[in-house]
file input12.cif (mmCIF, C-alpha atoms)
data_run
#
loop_
_atom_site.group_PDB
_atom_site.id
_atom_site.type_symbol
_atom_site.label_atom_id
_atom_site.label_comp_id
_atom_site.auth_asym_id
_atom_site.auth_seq_id
_atom_site.Cartn_x
_atom_site.Cartn_y
_atom_site.Cartn_z
ATOM 1 C CA LEU A 1 -99.508 13.179 149.482
ATOM 2 C CA PRO A 2 -100.782 10.040 147.801
ATOM 3 C CA GLY A 3 -104.425 9.201 148.253
ATOM 4 C CA PRO A 4 -107.152 8.432 148.732
ATOM 5 C CA THR A 5 -107.039 8.487 152.534
ATOM 6 C CA THR A 6 -109.520 8.494 155.390
ATOM 7 C CA GLU A 7 -107.061 10.100 157.810
ATOM 8 C CA ASP A 8 -107.314 13.710 158.999
ATOM 9 C CA ILE A 9 -104.847 16.005 157.258
ATOM 10 C CA GLN A 10 -103.560 19.365 158.459
ATOM 11 C CA LEU A 11 -101.970 21.691 155.879
ATOM 12 C CA GLU A 12 -99.728 24.595 156.737
ATOM 13 C CA ALA A 13 -98.428 27.112 154.164
ATOM 14 C CA ILE A 14 -96.036 30.031 154.503
ATOM 15 C CA ILE A 15 -96.467 32.661 151.810
ATOM 16 C CA TYR A 16 -93.592 35.028 150.934
ATOM 17 C CA GLY A 17 -94.320 38.212 148.985
ATOM 18 C CA GLY A 18 -97.655 39.217 147.585
ATOM 19 C CA ARG A 19 -99.953 41.999 148.608
ATOM 20 C CA GLY A 20 -102.107 40.345 151.258
ATOM 21 C CA PRO A 21 -102.483 37.453 153.648
ATOM 22 C CA HIS A 22 -102.454 34.071 151.903
ATOM 23 C CA SER A 23 -101.915 35.764 148.569
ATOM 24 C CA GLY A 24 -101.786 33.176 145.769
ATOM 25 C CA LEU A 25 -102.969 30.245 147.966
ATOM 26 C CA ARG A 26 -105.835 28.217 146.592
ATOM 27 C CA TYR A 27 -107.159 24.844 147.761
ATOM 28 C CA ILE A 28 -110.128 22.584 147.183
ATOM 29 C CA TYR A 29 -111.364 19.451 148.960
ATOM 30 C CA ALA A 30 -114.305 17.116 148.616
ATOM 31 C CA LYS A 31 -115.868 16.094 151.897
ATOM 32 C CA ASP A 32 -117.911 13.308 150.351
ATOM 33 C CA PHE A 33 -115.341 12.260 147.792
ATOM 34 C CA ALA A 34 -116.639 9.507 145.532
ATOM 35 C CA PRO A 35 -113.912 7.487 143.793
ATOM 36 C CA VAL A 36 -114.244 7.233 140.060
ATOM 37 C CA ASN A 37 -111.486 4.713 139.472
ATOM 38 C CA ASN A 38 -112.099 1.061 140.344
ATOM 39 C CA ALA A 39 -108.531 0.796 141.592
ATOM 40 C CA LEU A 40 -109.518 2.894 144.618
ATOM 41 C CA PHE A 41 -111.786 0.167 145.904
ATOM 42 C CA PHE A 42 -110.124 -2.749 147.703
ATOM 43 C CA TRP A 43 -110.715 -6.344 148.742
ATOM 44 C CA LYS A 44 -111.005 -6.860 152.498
ATOM 45 C CA PRO A 45 -110.585 -10.499 153.615
ATOM 46 C CA LYS A 46 -111.969 -11.866 156.890
ATOM 47 C CA ASP A 47 -110.026 -14.363 158.962
ATOM 48 C CA PHE A 48 -110.116 -17.980 157.853
ATOM 49 C CA GLY A 49 -112.569 -20.177 159.761
ATOM 50 C CA PRO A 50 -111.669 -23.477 161.459
ATOM 51 C CA CYS A 51 -110.318 -26.381 159.447
ATOM 52 C CA ASN A 52 -112.872 -29.078 158.665
ATOM 53 C CA ALA A 53 -110.353 -31.860 159.358
ATOM 54 C CA THR A 54 -107.786 -32.448 162.096
ATOM 55 C CA CYS A 55 -105.393 -34.261 159.743
ATOM 56 C CA GLY A 56 -105.135 -35.796 156.303
ATOM 57 C CA GLY A 57 -105.984 -32.549 154.529
ATOM 58 C CA GLY A 58 -108.996 -30.299 155.048
ATOM 59 C CA VAL A 59 -110.169 -26.878 153.952
ATOM 60 C CA GLN A 60 -111.000 -23.635 155.657
ATOM 61 C CA THR A 61 -112.986 -20.775 154.177
ATOM 62 C CA ARG A 62 -113.366 -17.061 154.679
ATOM 63 C CA ARG A 63 -115.364 -14.150 153.300
ATOM 64 C CA VAL A 64 -113.668 -11.587 151.080
ATOM 65 C CA VAL A 65 -115.671 -8.421 150.434
ATOM 66 C CA CYS A 66 -115.097 -5.355 148.308
ATOM 67 C CA ARG A 67 -115.039 -2.117 150.308
ATOM 68 C CA ASN A 68 -115.386 1.564 149.494
ATOM 69 C CA PRO A 69 -112.106 3.328 150.403
ATOM 70 C CA VAL A 70 -113.880 6.395 151.771
ATOM 71 C CA THR A 71 -116.794 4.933 153.709
ATOM 72 C CA LEU A 72 -115.076 1.563 154.256
ATOM 73 C CA LYS A 73 -118.483 -0.018 153.763
ATOM 74 C CA LYS A 74 -119.065 -3.213 151.827
ATOM 75 C CA THR A 75 -119.908 -2.591 148.205
ATOM 76 C CA SER A 76 -120.528 -4.640 145.062
ATOM 77 C CA ASP A 77 -117.848 -7.128 144.050
ATOM 78 C CA SER A 78 -117.945 -5.593 140.588
ATOM 79 C CA ASP A 79 -116.267 -2.468 142.012
ATOM 80 C CA CYS A 80 -113.171 -4.607 142.677
ATOM 81 C CA ALA A 81 -113.406 -6.549 139.426
ATOM 82 C CA ASN A 82 -110.020 -5.321 138.144
ATOM 83 C CA LEU A 83 -108.210 -6.395 141.319
ATOM 84 C CA VAL A 84 -106.954 -9.868 142.210
ATOM 85 C CA LYS A 85 -109.355 -11.280 144.768
ATOM 86 C CA PRO A 86 -107.664 -12.945 147.766
ATOM 87 C CA ALA A 87 -108.371 -16.665 148.154
ATOM 88 C CA THR A 88 -111.586 -17.610 149.931
ATOM 89 C CA VAL A 89 -110.516 -21.247 150.451
ATOM 90 C CA GLN A 90 -107.224 -22.757 151.561
ATOM 91 C CA SER A 91 -105.998 -26.202 152.525
ATOM 92 C CA CYS A 92 -105.165 -26.979 156.143
ATOM 93 C CA ASN A 93 -103.949 -29.773 158.427
ATOM 94 C CA THR A 94 -102.353 -31.603 155.508
ATOM 95 C CA HIS A 95 -100.214 -33.796 157.761
ATOM 96 C CA ALA A 96 -100.970 -37.532 157.720
ATOM 97 C CA CYS A 97 -103.366 -38.953 160.299
ATOM 98 C CA PHE A 98 -102.610 -41.437 163.042
ATOM 99 C CA PHE A 99 -104.411 -44.672 162.185
ATOM 100 C CA TRP A 100 -105.727 -47.888 163.721
ATOM 101 C CA LYS A 101 -103.841 -51.022 162.663
ATOM 102 C CA PRO A 102 -105.694 -54.275 163.392
ATOM 103 C CA LYS A 103 -103.979 -57.646 163.787
ATOM 104 C CA ASP A 104 -105.501 -60.825 162.370
ATOM 105 C CA PHE A 105 -108.295 -62.478 164.338
ATOM 106 C CA GLY A 106 -107.288 -65.471 166.411
ATOM 107 C CA SER A 107 -108.943 -68.879 166.205
ATOM 108 C CA CYS A 108 -112.608 -69.319 167.080
ATOM 109 C CA ASN A 109 -113.335 -70.736 170.520
ATOM 110 C CA ALA A 110 -116.081 -72.992 169.160
ATOM 111 C CA THR A 111 -116.381 -75.200 166.064
ATOM 112 C CA CYS A 112 -120.123 -74.580 165.692
ATOM 113 C CA GLY A 113 -123.116 -73.159 167.493
ATOM 114 C CA GLY A 114 -121.570 -69.700 167.772
ATOM 115 C CA GLY A 115 -118.256 -68.683 169.275
ATOM 116 C CA PHE A 116 -116.032 -65.631 169.221
ATOM 117 C CA GLN A 117 -112.514 -64.683 168.200
ATOM 118 C CA THR A 118 -110.406 -61.724 169.302
ATOM 119 C CA ARG A 119 -107.599 -59.584 167.922
ATOM 120 C CA ARG A 120 -105.397 -56.644 168.926
ATOM 121 C CA VAL A 121 -105.974 -53.223 167.388
ATOM 122 C CA VAL A 122 -103.223 -50.636 167.942
ATOM 123 C CA CYS A 123 -102.836 -46.954 167.037
ATOM 124 C CA ARG A 124 -99.823 -46.183 164.860
ATOM 125 C CA ASN A 125 -97.844 -43.056 164.039
ATOM 126 C CA PRO A 126 -98.189 -42.259 160.295
ATOM 127 C CA VAL A 127 -94.506 -41.262 159.997
ATOM 128 C CA THR A 128 -92.670 -43.828 162.115
ATOM 129 C CA LEU A 129 -95.414 -46.508 161.834
ATOM 130 C CA LYS A 130 -94.677 -47.330 165.463
ATOM 131 C CA LYS A 131 -97.341 -48.116 168.034
ATOM 132 C CA THR A 132 -98.487 -45.027 169.922
ATOM 133 C CA SER A 133 -101.100 -44.107 172.519
ATOM 134 C CA ASP A 134 -104.712 -44.998 171.718
ATOM 135 C CA SER A 135 -105.597 -41.383 172.526
ATOM 136 C CA ASP A 136 -103.862 -40.302 169.291
ATOM 137 C CA CYS A 137 -106.558 -42.204 167.383
ATOM 138 C CA ALA A 138 -109.411 -41.125 169.662
ATOM 139 C CA ASN A 139 -111.209 -39.236 166.879
ATOM 140 C CA LEU A 140 -111.255 -42.324 164.622
ATOM 141 C CA VAL A 141 -113.615 -45.288 164.744
ATOM 142 C CA LYS A 142 -111.708 -48.197 166.252
ATOM 143 C CA PRO A 143 -112.083 -51.511 164.375
ATOM 144 C CA ALA A 144 -113.743 -54.310 166.333
ATOM 145 C CA THR A 145 -111.520 -56.362 168.621
ATOM 146 C CA VAL A 146 -114.093 -59.190 168.967
ATOM 147 C CA GLN A 147 -116.292 -60.886 166.396
ATOM 148 C CA SER A 148 -118.602 -63.873 166.300
ATOM 149 C CA CYS A 149 -117.597 -66.998 164.410
ATOM 150 C CA ASN A 150 -118.784 -70.485 163.484
ATOM 151 C CA THR A 151 -122.369 -69.470 164.018
ATOM 152 C CA HIS A 152 -123.696 -72.414 162.039
ATOM 153 C CA ALA A 153 -125.635 -75.033 163.974
ATOM 154 C CA CYS A 154 -123.741 -78.072 165.217
ATOM 155 C CA PHE A 155 -124.121 -81.647 163.983
ATOM 156 C CA PHE A 156 -125.760 -83.623 166.742
ATOM 157 C CA TRP A 157 -126.256 -87.157 168.037
ATOM 158 C CA LYS A 158 -129.808 -88.426 167.673
ATOM 159 C CA PRO A 159 -130.567 -91.559 169.789
ATOM 160 C CA LYS A 160 -133.363 -93.996 168.963
ATOM 161 C CA ASP A 161 -135.437 -95.620 171.709
ATOM 162 C CA PHE A 162 -133.951 -98.566 173.578
ATOM 163 C CA GLY A 163 -135.122 -101.958 172.410
ATOM 164 C CA SER A 164 -136.487 -104.672 174.660
ATOM 165 C CA CYS A 165 -134.336 -106.271 177.338
ATOM 166 C CA ASN A 166 -132.761 -109.585 176.409
ATOM 167 C CA ALA A 167 -133.556 -111.137 179.794
ATOM 168 C CA THR A 168 -136.567 -111.171 182.055
ATOM 169 C CA CYS A 169 -134.478 -111.404 185.211
ATOM 170 C CA GLY A 170 -130.941 -111.864 186.478
ATOM 171 C CA GLY A 171 -129.666 -108.905 184.522
ATOM 172 C CA GLY A 172 -129.834 -108.302 180.845
ATOM 173 C CA PHE A 173 -129.245 -105.446 178.508
ATOM 174 C CA GLN A 174 -131.019 -103.473 175.834
ATOM 175 C CA THR A 175 -129.566 -101.567 172.921
ATOM 176 C CA ARG A 176 -130.429 -98.645 170.770
ATOM 177 C CA ARG A 177 -129.103 -96.899 167.706
ATOM 178 C CA VAL A 178 -127.490 -93.471 167.995
ATOM 179 C CA VAL A 179 -126.821 -91.625 164.736
ATOM 180 C CA CYS A 180 -125.179 -88.340 163.843
ATOM 181 C CA ARG A 181 -127.485 -85.914 162.052
ATOM 182 C CA ASN A 182 -126.962 -82.808 159.908
ATOM 183 C CA PRO A 183 -128.484 -79.765 161.698
ATOM 184 C CA VAL A 184 -129.859 -78.328 158.416
ATOM 185 C CA THR A 185 -131.176 -81.369 156.566
ATOM 186 C CA LEU A 186 -131.670 -83.476 159.726
ATOM 187 C CA LYS A 187 -130.429 -86.414 157.699
ATOM 188 C CA MET A 188 -128.121 -89.066 159.095
ATOM 189 C CA THR A 189 -124.469 -88.279 158.363
ATOM 190 C CA ASP A 190 -121.045 -89.726 159.129
ATOM 191 C CA ASP A 191 -120.238 -90.251 162.801
ATOM 192 C CA ASN A 192 -117.047 -88.236 162.333
ATOM 193 C CA ASP A 193 -119.184 -85.076 161.942
ATOM 194 C CA CYS A 194 -120.201 -85.472 165.564
ATOM 195 C CA ALA A 195 -116.749 -86.428 166.798
ATOM 196 C CA SER A 196 -116.257 -83.104 168.578
#

call {"tool": "encode", "arguments": {"input": "input12.cif", "output": "structure tokens"}}
result
Amino acid sequence: LPGPTTEDIQLEAIIYGGRGPHSGLRYIYAKDFAPVNNALFFWKPKDFGPCNATCGGGVQTRRVVCRNPVTLKKTSDSDCANLVKPATVQSCNTHACFFWKPKDFGSCNATCGGGFQTRRVVCRNPVTLKKTSDSDCANLVKPATVQSCNTHACFFWKPKDFGSCNATCGGGFQTRRVVCRNPVTLKMTDDNDCAS
């Protein structure tokens, strides 16, 4: 019977010949057997924990302890030093992730003074690259579908005061100068800058 073992064992012997019951039968056992060979100890791995990533490659870990073959209690790792220790880390969920694929932003809805532009952002299958349900990318941060644009101040028309009327009665007219100004320098600029 190979050992060591923690199972109960029942021995039966039939003795032929001899001068008395059990003649010639000898046995010995050790109730509190203490192994003297490191090979009797063994590594006992726990189950691997959860993966730290749902896709794209993650890792999961587990505890591996050295145990006494008689008491089955945890003992020093040095008692199992001559045995190959099972892995404590393994890769998991190595399949490629679904991913968000943004389109280009459209044109801005204002030339100055602050506008916005929009774009489509779709979830794609990493294998087929085809559009799929947004729920497949739910655990990923979705790129913005709206952004501000042309936030710079607008060029503006700056009118002077009207001059005096060219008639005292019967209907006349008065004029004034209106110039286009740069919103940063406030200097007069080309009228075309205010064309919009």

call {"tool": "atom_distance", "arguments": {"input": "input12.cif", "atom1": "CA of Leu83 in chain A", "atom2": "CA of Arg63 in chain A"}}
result
16.0 Å

call {"tool": "closest_residue", "arguments": {"input": "input12.cif", "among": "A:Asn139, A:Ser164, A:Trp157, A:His152", "to": "Asn192 in chain A", "atoms": "all atoms listed in the file"}}
result
A:Trp157

call {"tool": "closest_atom_pairs", "arguments": {"input": "input12.cif", "of": "range 126-192 of chain A", "to": "range 50-59 of chain A", "cutoff": "12 Å", "atoms": "all atoms listed in the file", "output": "JSON lines"}}
result
{"residue": "A:Pro126", "atom": "CA", "partner": "A:Gly56", "partner_atom": "CA", "distance": 10.3}
{"residue": "A:Asp136", "atom": "CA", "partner": "A:Thr54", "partner_atom": "CA", "distance": 11.4}
{"residue": "A:Cys137", "atom": "CA", "partner": "A:Cys55", "partner_atom": "CA", "distance": 11.1}
{"residue": "A:Ala138", "atom": "CA", "partner": "A:Thr54", "partner_atom": "CA", "distance": 11.6}
{"residue": "A:Asn139", "atom": "CA", "partner": "A:Thr54", "partner_atom": "CA", "distance": 9.0}
{"residue": "A:Leu140", "atom": "CA", "partner": "A:Thr54", "partner_atom": "CA", "distance": 10.8}

call {"tool": "atom_distance", "arguments": {"input": "input12.cif", "atom1": "CA of Asn68 in chain A", "atom2": "CA of Asn82 in chain A"}}
result
14.3 Å

call {"tool": "residues_around", "arguments": {"input": "input12.cif", "residues": "Gln90 in chain A", "least_positions_apart": "2", "cutoff": "10 Å", "atoms": "only C-alpha atoms", "output": "list in words"}}
result
Phe48, Cys51, Gly58, Val59, Gln60, Thr61, Arg62, Ala87, Thr88 and Cys92 of chain A

call {"tool": "atom_distance", "arguments": {"input": "input12.cif", "atom1": "CA of Lys160 in chain A", "atom2": "CA of Pro183 in chain A"}}
result
16.7 Å

call {"tool": "resolve_selection", "arguments": {"input": "input12.cif", "expression": "the PyMOL selection byres ((chain A and resi 101) around 9)", "output": "compact mmCIF listing (two decimals) with C-alpha atoms, keeping the file's coordinate frame"}}
result
# COMPACT_ATOMS: atom_id res chain seq x y z
CA PHE A 99 -104.41 -44.67 162.18
CA TRP A 100 -105.73 -47.89 163.72
CA PRO A 102 -105.69 -54.28 163.39
CA LYS A 103 -103.98 -57.65 163.79
CA ARG A 120 -105.40 -56.64 168.93
CA VAL A 121 -105.97 -53.22 167.39
CA VAL A 122 -103.22 -50.64 167.94
CA CYS A 123 -102.84 -46.95 167.04
CA ARG A 124 -99.82 -46.18 164.86
CA LYS A 131 -97.34 -48.12 168.03
CA PRO A 143 -112.08 -51.51 164.38

call {"tool": "residues_around", "arguments": {"input": "input12.cif", "residues": "Thr75 in chain A", "least_positions_apart": "6", "cutoff": "10 Å", "atoms": "all atoms listed in the file", "output": "count of residues only"}}
result
7

call {"tool": "residues_around", "arguments": {"input": "input12.cif", "residues": "range 186-188 of chain A", "least_positions_apart": "5", "cutoff": "12 Å", "atoms": "all atoms listed in the file", "output": "MDAnalysis selection string"}}
result
chainID A and resid 153:159 177:181 193:194

call {"tool": "closest_residue", "arguments": {"input": "input12.cif", "among": "A:Lys74, A:Gly114, A:Asn125, A:Leu40", "to": "Cys97 in chain A", "atoms": "all atoms listed in the file"}}
result
A:Asn125

call {"tool": "residues_around", "arguments": {"input": "input12.cif", "residues": "Ser107 in chain A", "least_positions_apart": "6", "cutoff": "12 Å", "atoms": "only C-alpha atoms", "output": "list of chain:residue names"}}
result
A:Gly115, A:Phe116, A:Gln117, A:Thr118, A:Arg119, A:Val146, A:Gln147, A:Ser148, A:Cys149, A:Asn150

call {"tool": "decode", "arguments": {"input": "input12.cif", "residues": "range 47-86 of chain A", "atoms": "C-alpha atoms", "output": "PDB file, in the first residue's frame"}}
result
ATOM      1  CA  ASP A  47      -9.306  28.667  -7.121  1.00  0.00           C
ATOM      2  CA  PHE A  48      -8.343  31.566  -9.353  1.00  0.00           C
ATOM      3  CA  GLY A  49     -10.040  34.866  -8.510  1.00  0.00           C
ATOM      4  CA  PRO A  50     -11.965  37.024 -11.004  1.00  0.00           C
ATOM      5  CA  CYS A  51     -10.245  38.454 -14.054  1.00  0.00           C
ATOM      6  CA  ASN A  52      -9.281  42.112 -13.749  1.00  0.00           C
ATOM      7  CA  ALA A  53     -10.377  42.844 -17.330  1.00  0.00           C
ATOM      8  CA  THR A  54     -13.417  41.874 -19.390  1.00  0.00           C
ATOM      9  CA  CYS A  55     -11.436  41.794 -22.649  1.00  0.00           C
ATOM     10  CA  GLY A  56      -8.116  42.734 -24.180  1.00  0.00           C
ATOM     11  CA  GLY A  57      -6.123  40.586 -21.767  1.00  0.00           C
ATOM     12  CA  GLY A  58      -6.194  40.620 -17.972  1.00  0.00           C
ATOM     13  CA  VAL A  59      -4.830  38.553 -15.119  1.00  0.00           C
ATOM     14  CA  GLN A  60      -6.292  36.528 -12.312  1.00  0.00           C
ATOM     15  CA  THR A  61      -4.475  35.383  -9.197  1.00  0.00           C
ATOM     16  CA  ARG A  62      -4.777  32.666  -6.606  1.00  0.00           C
ATOM     17  CA  ARG A  63      -3.055  31.491  -3.439  1.00  0.00           C
ATOM     18  CA  VAL A  64      -0.946  28.342  -3.501  1.00  0.00           C
ATOM     19  CA  VAL A  65       0.059  26.994  -0.091  1.00  0.00           C
ATOM     20  CA  CYS A  66       2.227  24.122   1.047  1.00  0.00           C
ATOM     21  CA  ARG A  67       0.368  21.577   3.183  1.00  0.00           C
ATOM     22  CA  ASN A  68       1.367  18.817   5.573  1.00  0.00           C
ATOM     23  CA  PRO A  69       0.154  15.472   4.147  1.00  0.00           C
ATOM     24  CA  VAL A  70      -0.870  14.141   7.554  1.00  0.00           C
ATOM     25  CA  THR A  71      -2.514  17.134   9.208  1.00  0.00           C
ATOM     26  CA  LEU A  72      -3.394  18.812   5.888  1.00  0.00           C
ATOM     27  CA  LYS A  73      -2.573  22.103   7.574  1.00  0.00           C
ATOM     28  CA  LYS A  74      -0.713  24.931   5.886  1.00  0.00           C
ATOM     29  CA  THR A  75       3.004  24.803   6.500  1.00  0.00           C
ATOM     30  CA  SER A  76       6.111  26.694   5.388  1.00  0.00           C
ATOM     31  CA  ASP A  77       6.701  27.029   1.655  1.00  0.00           C
ATOM     32  CA  SER A  78      10.210  25.732   2.245  1.00  0.00           C
ATOM     33  CA  ASP A  79       8.729  22.283   2.965  1.00  0.00           C
ATOM     34  CA  CYS A  80       7.621  22.154  -0.689  1.00  0.00           C
ATOM     35  CA  ALA A  81      10.794  23.723  -2.054  1.00  0.00           C
ATOM     36  CA  ASN A  82      11.722  20.658  -4.144  1.00  0.00           C
ATOM     37  CA  LEU A  83       8.315  20.547  -5.846  1.00  0.00           C
ATOM     38  CA  VAL A  84       7.142  22.598  -8.821  1.00  0.00           C
ATOM     39  CA  LYS A  85       4.827  25.265  -7.470  1.00  0.00           C
ATOM     40  CA  PRO A  86       1.586  25.691  -9.455  1.00  0.00           C
TER      41      PRO A  86
END
